[in-house]
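J.: Hey, dropping final-v4.tsv in here, TSV, C-alpha atoms:
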```tsv
chain	number	residue	atom	x	y	z
A	121	MET	CA	0.00	0.00	0.00
A	122	ALA	CA	1.12	3.59	-0.62
A	123	LYS	CA	2.70	5.50	2.24
A	124	PRO	CA	0.52	8.10	4.02
A	125	GLY	CA	0.51	11.46	2.27
A	126	TRP	CA	-1.24	13.65	-0.31
A	127	TYR	CA	-1.88	12.11	-3.74
A	128	PRO	CA	-3.77	13.26	-6.87
A	129	ASP	CA	-7.49	12.73	-6.32
A	130	PRO	CA	-8.30	9.05	-7.07
A	131	GLU	CA	-11.69	10.20	-8.34
A	132	GLY	CA	-9.86	11.87	-11.26
A	133	ARG	CA	-10.47	15.56	-10.40
A	134	PRO	CA	-7.62	17.40	-12.20
A	135	GLY	CA	-5.55	19.63	-9.94
A	136	HIS	CA	-7.06	18.19	-6.73
A	137	TYR	CA	-5.26	16.12	-4.10
A	138	ARG	CA	-6.68	13.81	-1.39
A	139	HIS	CA	-4.92	12.53	1.74
A	140	TRP	CA	-4.16	8.80	2.12
A	141	ASP	CA	-3.48	7.82	5.79
A	142	GLY	CA	-2.19	4.35	4.93
A	143	ALA	CA	-5.60	2.68	5.28
A	144	ARG	CA	-8.22	4.93	3.72
A	145	TRP	CA	-8.73	8.13	1.72
A	146	GLY	CA	-9.69	11.39	3.41
A	147	VAL	CA	-13.10	13.01	2.78
A	148	SER	CA	-11.95	16.38	1.42
A	149	THR	CA	-9.64	17.43	-1.40
A	150	THR	CA	-7.17	20.29	-1.60
A	151	ARG	CA	-5.24	22.20	-4.25
A	152	ALA	CA	-2.28	22.53	-1.83
A	153	PRO	CA	-0.79	19.02	-1.52
A	154	GLY	CA	1.90	20.27	0.83
A	155	ALA	CA	-0.65	20.82	3.62
A	156	PRO	CA	-0.14	19.02	6.97
A	157	ASP	CA	-1.72	15.64	7.64
A	158	PRO	CA	-5.34	16.60	8.52
A	159	THR	CA	-5.66	13.58	10.85
A	160	LYS	CA	-2.89	14.79	13.20
A	161	PRO	CA	-3.04	17.85	15.51
A	162	ASN	CA	-0.49	20.60	14.92
A	163	LEU	CA	1.56	20.69	18.13
A	164	SER	CA	4.40	22.82	16.78
A	165	LEU	CA	3.08	26.05	18.35
A	166	VAL	CA	2.34	24.65	21.83
A	167	PRO	CA	5.76	25.59	23.38
A	168	VAL	CA	5.53	29.11	21.94
A	169	ILE	CA	2.00	29.62	23.29
A	170	VAL	CA	3.04	28.37	26.74
A	171	VAL	CA	6.03	30.77	26.89
A	172	ILE	CA	3.91	33.74	25.77
A	173	GLY	CA	1.31	32.91	28.41
A	174	LEU	CA	3.92	32.79	31.18
A	175	VAL	CA	5.42	36.14	30.08
A	176	VAL	CA	2.00	37.83	30.08
A	177	ILE	CA	1.25	36.46	33.57
A	178	ALA	CA	4.60	37.71	34.90
A	179	LEU	CA	4.23	41.18	33.38
A	180	THR	CA	0.68	41.47	34.68
A	181	ALA	CA	1.85	40.60	38.19
A	182	TRP	CA	4.48	43.40	38.06
A	183	GLY	CA	1.97	45.89	36.73
A	184	LEU	CA	3.71	46.27	33.37
A	185	VAL	CA	0.74	45.05	31.35
A	186	ARG	CA	-2.82	46.20	31.92
A	187	LEU	CA	-5.42	43.76	30.67
A	188	PRO	CA	-8.63	45.32	29.30
A	189	PRO	CA	-11.91	44.84	31.19
A	190	LEU	CA	-13.93	41.79	30.22
A	191	SER	CA	-17.04	43.81	29.37
A	192	GLY	CA	-17.55	46.20	26.50
A	193	LEU	CA	-14.79	44.74	24.34
A	194	THR	CA	-14.85	45.45	20.62
A	195	ASP	CA	-12.82	43.47	18.15
A	196	ALA	CA	-11.71	45.41	15.09
A	197	THR	CA	-10.42	42.23	13.44
A	198	PRO	CA	-13.01	40.61	11.15
A	199	PRO	CA	-13.97	37.03	12.06
A	200	PHE	CA	-11.94	34.29	10.44
A	201	SER	CA	-13.79	32.56	7.61
A	202	PRO	CA	-12.29	29.16	6.78
A	203	LEU	CA	-12.28	27.99	3.18
A	204	PRO	CA	-15.28	25.78	2.41
A	205	VAL	CA	-14.70	22.06	2.28
A	206	GLN	CA	-15.62	20.61	-1.08
A	207	ASP	CA	-17.43	17.30	-1.21
A	208	ASP	CA	-16.21	15.55	-4.34
A	209	GLY	CA	-18.55	12.58	-4.16
A	210	PRO	CA	-18.14	9.01	-2.86
A	211	ILE	CA	-14.71	7.81	-1.78
A	212	ARG	CA	-13.28	4.50	-2.96
A	213	SER	CA	-12.82	1.99	-0.13
A	214	THR	CA	-9.46	0.91	-1.61
A	215	PRO	CA	-6.79	3.16	-3.14
A	216	ALA	CA	-6.69	3.53	-6.89
A	217	ALA	CA	-3.52	3.62	-8.95
A	218	LEU	CA	-1.82	6.94	-8.26
A	219	PRO	CA	-1.19	8.95	-11.45
A	220	SER	CA	1.59	11.49	-11.82
A	221	PRO	CA	0.62	14.87	-10.33
A	222	SER	CA	-0.70	17.41	-12.82
A	223	PRO	CA	0.25	21.09	-12.48
A	224	LEU	CA	-2.09	23.38	-10.59
A	225	VAL	CA	-3.58	26.12	-12.77
A	226	ASP	CA	-5.61	29.25	-12.16
A	227	CYS	CA	-8.83	30.02	-13.96
A	228	PRO	CA	-7.61	31.51	-17.27
A	229	ALA	CA	-8.64	34.99	-18.33
A	230	VAL	CA	-10.04	35.30	-21.85
A	231	THR	CA	-12.07	37.90	-23.70
A	232	PRO	CA	-15.51	36.31	-24.19
A	233	THR	CA	-17.18	36.92	-27.54
A	234	THR	CA	-20.72	36.40	-28.74
A	235	ALA	CA	-21.58	34.29	-31.73
A	236	ALA	CA	-22.56	35.88	-35.02
A	237	ALA	CA	-26.09	37.30	-35.05
A	238	ALA	CA	-27.08	34.78	-37.70
A	239	GLY	CA	-26.37	32.02	-35.19
A	240	ARG	CA	-28.97	33.32	-32.73
A	241	ASP	CA	-32.61	32.98	-33.69
A	242	ARG	CA	-35.78	32.39	-31.72
A	243	VAL	CA	-35.59	28.59	-31.65
A	244	VAL	CA	-31.93	27.52	-31.92
A	245	ALA	CA	-28.74	28.73	-30.22
A	246	THR	CA	-25.56	28.09	-32.23
A	247	GLY	CA	-21.99	28.86	-31.17
A	248	GLY	CA	-18.61	27.22	-30.68
A	249	GLY	CA	-19.44	24.36	-33.04
A	250	LEU	CA	-22.54	23.29	-31.05
A	251	ALA	CA	-26.26	23.99	-31.25
A	252	PHE	CA	-29.30	23.30	-29.07
A	253	ASP	CA	-33.02	23.96	-29.27
A	254	ILE	CA	-34.11	26.91	-27.10
A	255	PRO	CA	-36.78	25.61	-24.71
A	256	THR	CA	-40.23	27.17	-24.47
A	257	GLY	CA	-40.23	30.06	-22.02
A	258	TRP	CA	-36.57	30.92	-22.56
A	259	GLU	CA	-35.30	34.02	-24.39
A	260	PRO	CA	-32.36	34.06	-26.83
A	261	SER	CA	-29.54	36.06	-25.29
A	262	ALA	CA	-26.35	37.81	-26.38
A	263	TYR	CA	-25.04	37.85	-22.80
A	264	THR	CA	-21.65	36.25	-22.17
A	265	VAL	CA	-22.36	33.92	-19.25
A	266	SER	CA	-18.92	32.30	-19.17
A	267	ARG	CA	-15.49	33.57	-18.15
A	268	VAL	CA	-13.60	31.12	-20.35
A	269	LEU	CA	-15.74	30.49	-23.44
A	270	THR	CA	-15.58	32.38	-26.72
A	271	ASP	CA	-18.10	32.43	-29.59
A	272	GLN	CA	-20.94	32.21	-27.07
A	273	ALA	CA	-24.63	31.95	-27.85
A	274	GLY	CA	-27.48	30.94	-25.58
A	275	ALA	CA	-30.75	31.63	-23.82
A	276	VAL	CA	-31.75	32.96	-20.39
A	277	ARG	CA	-34.72	32.81	-18.06
A	278	ALA	CA	-35.39	35.22	-15.18
A	279	SER	CA	-35.65	33.82	-11.67
A	280	PRO	CA	-39.31	33.62	-10.56
A	281	ASP	CA	-38.49	35.54	-7.37
A	282	GLY	CA	-38.10	38.71	-9.46
A	283	GLY	CA	-34.49	39.30	-8.44
A	284	SER	CA	-31.43	39.80	-10.60
A	285	TRP	CA	-30.54	36.09	-10.78
A	286	ILE	CA	-31.10	34.19	-14.01
A	287	SER	CA	-30.98	30.62	-15.23
A	288	PHE	CA	-28.95	30.25	-18.40
A	289	LEU	CA	-28.06	27.86	-21.23
A	290	ALA	CA	-25.08	28.51	-23.50
A	291	VAL	CA	-22.68	27.02	-26.04
A	292	GLY	CA	-19.20	28.19	-26.98
A	293	GLU	CA	-15.64	26.96	-27.27
A	294	VAL	CA	-12.48	26.98	-25.19
A	295	GLY	CA	-9.04	27.43	-26.71
A	296	ASP	CA	-5.71	25.83	-25.94
A	297	LEU	CA	-5.55	26.90	-22.28
A	298	ASP	CA	-3.84	25.28	-19.30
A	299	GLY	CA	-6.09	22.63	-17.79
A	300	PHE	CA	-8.35	22.43	-20.83
A	301	GLY	CA	-6.33	19.98	-22.89
A	302	ASP	CA	-8.89	17.14	-22.88
A	303	ILE	CA	-12.65	16.89	-22.59
A	304	ALA	CA	-12.76	15.57	-18.99
A	305	SER	CA	-10.40	18.26	-17.67
A	306	ALA	CA	-12.18	20.95	-19.67
A	307	ALA	CA	-15.62	20.03	-18.30
A	308	HIS	CA	-14.36	20.02	-14.70
A	309	HIS	CA	-12.40	23.27	-15.15
A	310	VAL	CA	-15.41	25.07	-16.61
A	311	VAL	CA	-17.37	24.10	-13.47
A	312	ASP	CA	-14.55	25.04	-11.08
A	313	CYS	CA	-13.85	28.39	-12.74
A	314	HIS	CA	-17.45	29.51	-12.49
A	315	VAL	CA	-18.73	27.82	-9.33
A	316	THR	CA	-15.71	28.01	-7.00
A	317	GLY	CA	-13.78	30.76	-8.76
A	318	GLY	CA	-15.78	33.77	-7.57
A	319	SER	CA	-18.46	34.03	-10.26
A	320	PHE	CA	-21.13	32.25	-8.17
A	321	SER	CA	-21.97	34.84	-5.52
A	322	GLY	CA	-22.22	33.55	-1.97
A	323	TYR	CA	-20.65	30.17	-2.80
A	324	ASP	CA	-20.68	27.78	0.15
A	325	SER	CA	-20.04	24.26	-1.17
A	326	HIS	CA	-20.86	21.94	-4.06
A	327	THR	CA	-21.50	18.27	-4.68
A	328	VAL	CA	-20.65	16.42	-7.90
A	329	LEU	CA	-23.84	14.70	-9.08
A	330	GLU	CA	-22.46	13.23	-12.28
A	331	SER	CA	-19.13	12.98	-14.11
A	332	ARG	CA	-19.11	10.62	-17.07
A	333	ALA	CA	-18.09	10.02	-20.65
A	334	THR	CA	-20.78	10.56	-23.29
A	335	THR	CA	-21.12	11.50	-26.95
A	336	VAL	CA	-22.62	14.47	-28.79
A	337	GLY	CA	-23.33	14.09	-32.49
A	338	GLY	CA	-21.17	10.97	-32.54
A	339	GLN	CA	-18.19	12.88	-31.07
A	340	ASP	CA	-16.48	12.05	-27.76
A	341	ALA	CA	-17.68	14.24	-24.89
A	342	TRP	CA	-17.55	14.50	-21.08
A	343	GLN	CA	-20.47	15.59	-18.92
A	344	VAL	CA	-20.20	17.05	-15.41
A	345	ARG	CA	-23.21	18.08	-13.29
A	346	VAL	CA	-22.97	19.60	-9.81
A	347	HIS	CA	-25.26	21.20	-7.26
A	348	ALA	CA	-23.77	24.22	-5.48
A	349	THR	CA	-25.10	25.94	-2.37
A	350	SER	CA	-24.98	29.69	-1.87
A	351	THR	CA	-25.88	32.14	0.88
A	352	ARG	CA	-27.21	34.55	-1.75
A	353	ALA	CA	-28.78	32.50	-4.53
A	354	PRO	CA	-32.58	32.41	-4.46
A	355	GLY	CA	-33.67	29.02	-3.21
A	356	GLY	CA	-30.27	28.36	-1.65
A	357	GLY	CA	-28.21	27.30	-4.64
A	358	ALA	CA	-28.13	26.19	-8.25
A	359	THR	CA	-27.49	23.19	-10.50
A	360	PHE	CA	-24.72	23.57	-13.08
A	361	GLU	CA	-23.84	21.38	-16.05
A	362	ALA	CA	-20.84	21.42	-18.39
A	363	ILE	CA	-20.36	19.20	-21.45
A	364	ALA	CA	-17.06	19.39	-23.31
A	365	VAL	CA	-17.04	17.97	-26.86
A	366	ASP	CA	-14.10	17.09	-29.09
A	367	THR	CA	-15.35	18.07	-32.54
A	368	GLY	CA	-11.97	17.44	-34.15
A	369	ASP	CA	-10.93	21.10	-34.24
A	370	ALA	CA	-8.12	22.67	-32.24
A	371	ASP	CA	-10.64	24.20	-29.81
A	372	LEU	CA	-13.01	22.15	-27.66
A	373	SER	CA	-16.73	22.88	-27.90
A	374	VAL	CA	-18.58	23.36	-24.59
A	375	PHE	CA	-22.19	23.44	-23.40
A	376	TRP	CA	-22.62	25.38	-20.14
A	377	GLY	CA	-25.88	25.72	-18.19
A	378	GLY	CA	-27.00	26.87	-14.74
A	379	ILE	CA	-30.43	26.63	-13.08
A	380	VAL	CA	-31.11	28.46	-9.80
A	381	ASP	CA	-33.03	26.46	-7.18
A	382	ALA	CA	-35.79	29.11	-7.10
A	383	ASP	CA	-36.61	28.23	-10.73
A	384	PRO	CA	-38.42	24.87	-10.23
A	385	THR	CA	-39.23	24.31	-13.91
A	386	GLY	CA	-35.86	25.53	-15.15
A	387	SER	CA	-34.44	22.00	-14.89
A	388	ASP	CA	-36.91	20.94	-17.59
A	389	GLY	CA	-35.31	23.49	-19.93
A	390	LEU	CA	-31.84	22.18	-19.07
A	391	THR	CA	-32.98	18.63	-19.86
A	392	THR	CA	-34.51	19.77	-23.17
A	393	ALA	CA	-31.39	21.67	-24.22
A	394	VAL	CA	-29.02	18.82	-23.37
A	395	ALA	CA	-31.22	16.29	-25.18
A	396	SER	CA	-31.14	18.43	-28.34
A	397	LEU	CA	-27.42	19.26	-28.15
A	398	ARG	CA	-25.64	18.58	-31.43
A	399	THR	CA	-22.54	19.53	-33.40
A	400	ALA	CA	-22.74	22.42	-35.83
A	401	ARG	CA	-19.38	22.53	-37.60
```
Could the structure of this file be written out as structure tokens, please?
T.:
Amino acid sequence: MAKPGWYPDPEGRPGHYRHWDGARWGVSTTRAPGAPDPTKPNLSLVPVIVVIGLVVIALTAWGLVRLPPLSGLTDATPPFSPLPVQDDGPIRSTPAALPSPSPLVDCPAVTPTTAAAAGRDRVVATGGGLAFDIPTGWEPSAYTVSRVLTDQAGAVRASPDGGSWISFLAVGEVGDLDGFGDIASAAHHVVDCHVTGGSFSGYDSHTVLESRATTVGGQDAWQVRVHATSTRAPGGGATFEAIAVDTGDADLSVFWGGIVDADPTGSDGLTTAVASLRTAR
């Protein structure tokens, strides 16, 4: 068995590492594989804390330090907010073969573009080499809903609560960027960049519902679906889906959709769009 330590996620999440304690995998992943063993307490600061405590007691006794009263204290330091723990789905009971670590990458910055006007009509959205039927009740949109996709086209639907949140469906393509070299990595990176990368306001955590190989128009594809929770999203969160397709060109084609929880019938539109997804090269 492998020695205890951090290894690339056996579930195949690119850029994520999970701790192996010699008998089982840990529950959470990290992008910082050099972190301490989460199963062991950090005792390195105990001697320092003890010495500081003794010094404060001695100085207080000699009147050199005046401690503030216990009442009426105000703390100007904002409360510490730990990073959310991501649940990456079920853990294997036995360790998988450990692949070579892949480099960690940041969400790339691109200049999103909209598809040509001729590719956006009332019933079909076409962009990035893909097309889907716009569901009933959705409006064609020229908005760029992705941080990493170019040649975008899609449709939107306002949240029933009347707020500024929308559900969206879009197609586009991603160029030769770090972390987007294959369809599985591209699908996961599209999700990570938008859900955990700051675009999903109030992000709390997310759960991977599905990650599997599929086909679109006879071409190899990878589908990832997650549910993310948020302190700000109406209904408490949203369901996101990314499908990366290898159409044979240098760029990968991508479908990207998000349905807020407050939009109960929006999932029907997502299902309709995915079912009609096809290549358009």
J.: Find the residue from A:Ser148, A:Ser287, A:Ser266, A:Thr316 that sits nearest to A:Pro130; use only C-alpha atoms when measuring.
T.: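 Of the candidates, the smallest distance to A:Pro130 is held by A:Ser148.
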J.: Quick one: what's the axis-aligned box for stretch 376-391 of chain A, all listed atoms, 6 Å on every side, centre and edges in Å to one decimal, as JSON?
T.:
```
{"center_x": -30.9, "center_y": 23.9, "center_z": -13.6, "size_x": 28.6, "size_y": 22.5, "size_z": 25.0}
```
J.: Do you have the atom CA of A:Gly292-atom CA of A:Gly355 distance handy?
T.: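 Spanning atom CA of A:Gly292 to atom CA of A:Gly355 is a straight-line distance of 27.8 Å.
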J.: Could you tell me, as an mmCIF file with C-alpha atoms, keeping the file's coordinate frame, which residues have any atom at most 9 Å from (-38.1, 27.2, -13.9), counting all atoms listed in the file?
T.:
```cif
data_model
loop_
_atom_site.group_PDB
_atom_site.id
_atom_site.type_symbol
_atom_site.label_atom_id
_atom_site.label_comp_id
_atom_site.auth_asym_id
_atom_site.auth_seq_id
_atom_site.Cartn_x
_atom_site.Cartn_y
_atom_site.Cartn_z
ATOM 1 C CA GLY A 257 -40.230 30.060 -22.020
ATOM 2 C CA ARG A 277 -34.720 32.810 -18.060
ATOM 3 C CA ALA A 278 -35.390 35.220 -15.180
ATOM 4 C CA SER A 279 -35.650 33.820 -11.670
ATOM 5 C CA PRO A 280 -39.310 33.620 -10.560
ATOM 6 C CA SER A 287 -30.980 30.620 -15.230
ATOM 7 C CA ILE A 379 -30.430 26.630 -13.080
ATOM 8 C CA VAL A 380 -31.110 28.460 -9.800
ATOM 9 C CA ASP A 381 -33.030 26.460 -7.180
ATOM 10 C CA ALA A 382 -35.790 29.110 -7.100
ATOM 11 C CA ASP A 383 -36.610 28.230 -10.730
ATOM 12 C CA PRO A 384 -38.420 24.870 -10.230
ATOM 13 C CA THR A 385 -39.230 24.310 -13.910
ATOM 14 C CA GLY A 386 -35.860 25.530 -15.150
ATOM 15 C CA SER A 387 -34.440 22.000 -14.890
ATOM 16 C CA ASP A 388 -36.910 20.940 -17.590
ATOM 17 C CA GLY A 389 -35.310 23.490 -19.930
#
```
J.: Report the distance between atom CA of A:Gln339 and atom CA of A:Ser305 in Å, rounded to one decimal place.
T.: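 Rounded to one decimal, the two atoms are 16.4 Å apart.
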J.: Which neighbours of A:Val230 fall inside 12 Å, counting only C-alpha atoms, when residues of the same chain fewer than 4 positions from it are skipped, and could you give them as a VMD selection string?
T.: chain A and resid 264 266 to 271 293 to 297
